[in-house]
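These notes concern the structure reproduced below.
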Amino acid sequence: MPENSRVWVYQADHRFSDSEQKTVRERMNRFCEGWNTHGNLMPTSFELVEDQILILAVDESNLGASGCSIDSSVRILRELEELIKTNLTDQGKISLKKASGELKVIPGLGVKARVTSGEIDLETEVINPTIRIKADLKNLWQPVRNSWLNRYFPN
């Protein structure tokens with residue numbers, strides 16, 4: 001996919017098991033093979049990151065993703081949510097990764113309390129919510145100190 005391909009980052013609330021990964025890959029492969037806008041196929045791809053983060057990409061250089069085509073991507077994600085009993089589409093989640101590599105997806109509510117308790121520190125990495133194109137994926141993870149969560153720490 002070209003570096004200017006549009007991307008969406010979806011965070012599951014649990015790590016996918018091997019069988020769940022298989023289901024996600026099969027469904028997403030099928031979806032990507034047929035994703036279209038107004039009857040025209042769009043070059044598209046996906047990737048599973050850390051067995052818990054789903055990244056969907058589409059090359060919009062020739063055809064922009066229409067509202068209907070985006071709706072169809074959300075439909076497949078909702079189907080996956082039902083099949084594997086996870087939450088992908090709720091954008092009110094935060095993915096955190098400790099230096100140990102432990103990945104945790106938490107609700108956005110209650111972040112301040114997690115900072116106060118020490119569960120989240122300045123070295124914890126968080127998914128960058130400003131990711132919009134493939135080129136941005138090199139900065140998918142950023143330290144909390146460089147993220148919007150920094151505002152919860154005394155300066």
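Residue numbers start at 1 in each chain; chains themselves are named A, B, ... in the order of the structure tokens; ligands are numbered from 1 in the order shown.
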Please report, as an NGL selection string, each residue of segment 88-154 of chain A to which DSSP assigns alpha helix (DSSP H) when run on this structure's backbone. :A and (111-116)
Prev. selection, all heavy atoms, output as a compact mmCIF listing (two decimals), in the first residue's frame:
```
# COMPACT_ATOMS: atom_id res chain seq x y z
N VAL A 111 -8.78 7.54 33.34
CA VAL A 111 -7.35 7.61 33.06
C VAL A 111 -6.61 8.35 34.17
O VAL A 111 -5.54 7.92 34.61
CB VAL A 111 -7.09 8.29 31.69
CG1 VAL A 111 -5.63 8.62 31.51
CG2 VAL A 111 -7.56 7.39 30.58
N LYS A 112 -7.17 9.44 34.64
CA LYS A 112 -6.50 10.23 35.67
C LYS A 112 -6.21 9.38 36.90
O LYS A 112 -5.12 9.45 37.47
CB LYS A 112 -7.33 11.46 36.03
CG LYS A 112 -6.61 12.42 36.94
CD LYS A 112 -7.41 13.69 37.14
CE LYS A 112 -6.61 14.65 37.99
NZ LYS A 112 -7.28 15.93 38.14
N ALA A 113 -7.16 8.56 37.31
CA ALA A 113 -6.96 7.70 38.48
C ALA A 113 -5.84 6.69 38.22
O ALA A 113 -5.06 6.36 39.11
CB ALA A 113 -8.26 6.98 38.83
N ARG A 114 -5.73 6.19 37.00
CA ARG A 114 -4.67 5.23 36.65
C ARG A 114 -3.30 5.91 36.67
O ARG A 114 -2.31 5.27 37.01
CB ARG A 114 -4.96 4.59 35.31
CG ARG A 114 -6.16 3.64 35.35
CD ARG A 114 -6.50 3.15 33.95
NE ARG A 114 -7.70 2.38 33.91
CZ ARG A 114 -7.76 1.05 33.89
NH1 ARG A 114 -6.65 0.34 33.94
NH2 ARG A 114 -8.91 0.42 33.84
N VAL A 115 -3.26 7.17 36.30
CA VAL A 115 -2.01 7.93 36.37
C VAL A 115 -1.63 8.13 37.84
O VAL A 115 -0.50 7.88 38.25
CB VAL A 115 -2.13 9.28 35.64
CG1 VAL A 115 -0.96 10.20 35.98
CG2 VAL A 115 -2.24 9.06 34.14
N THR A 116 -2.60 8.56 38.64
CA THR A 116 -2.37 8.81 40.06
C THR A 116 -1.89 7.56 40.78
O THR A 116 -1.00 7.62 41.62
CB THR A 116 -3.65 9.35 40.73
OG1 THR A 116 -4.07 10.53 40.03
CG2 THR A 116 -3.44 9.68 42.18
```
Name all residues at most 7 Å from segment 75-89 of chain A (count only C-alpha atoms; drop same-chain ones fewer than 2 positions away) and give them as a ChimeraX atom specification. /A:10-14,20,24,71-73,91
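Of the listed residues A:Ser95, A:Asn139, A:Thr44, A:Ser100, the one whose atoms come nearest to Val126 of chain A is A:Ser95, with distances taken using only C-alpha atoms.
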Residues near Pro143 of chain A, anyone? I mean within 8 Å using only C-alpha atoms, not counting same-chain ones fewer than 2 positions away, as a VMD selection string. chain A and resid 122 to 126 141 145 to 147
d(atom CA of Asp90 of chain A, atom CA of Arg6 of chain A) in Å: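 Distance reported for this atom pair: 19.2 Å.
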Can you tell me, as a ChimeraX atom specification, which residues in segment 6-148 of chain A count as strand (DSSP E) by DSSP? /A:6-11,36-37,40-41,44-49,53-58,93-97,103-107,125-127,141-143
So that I can check the surroundings of Met1 of chain A, please list as a PyMOL selection string every protein, DNA and RNA residue that reaches within 12 Å of it, counting only C-alpha atoms and ignoring chain neighbours fewer than 2 positions away. chain A and resi 3-7+42-47+56-61+133-135
Smallest atom-to-atom distance to Val9 of chain A: which of A:Gln21, A:Ser117, A:Asn155, A:Asn128, using only C-alpha atoms? A:Asn128
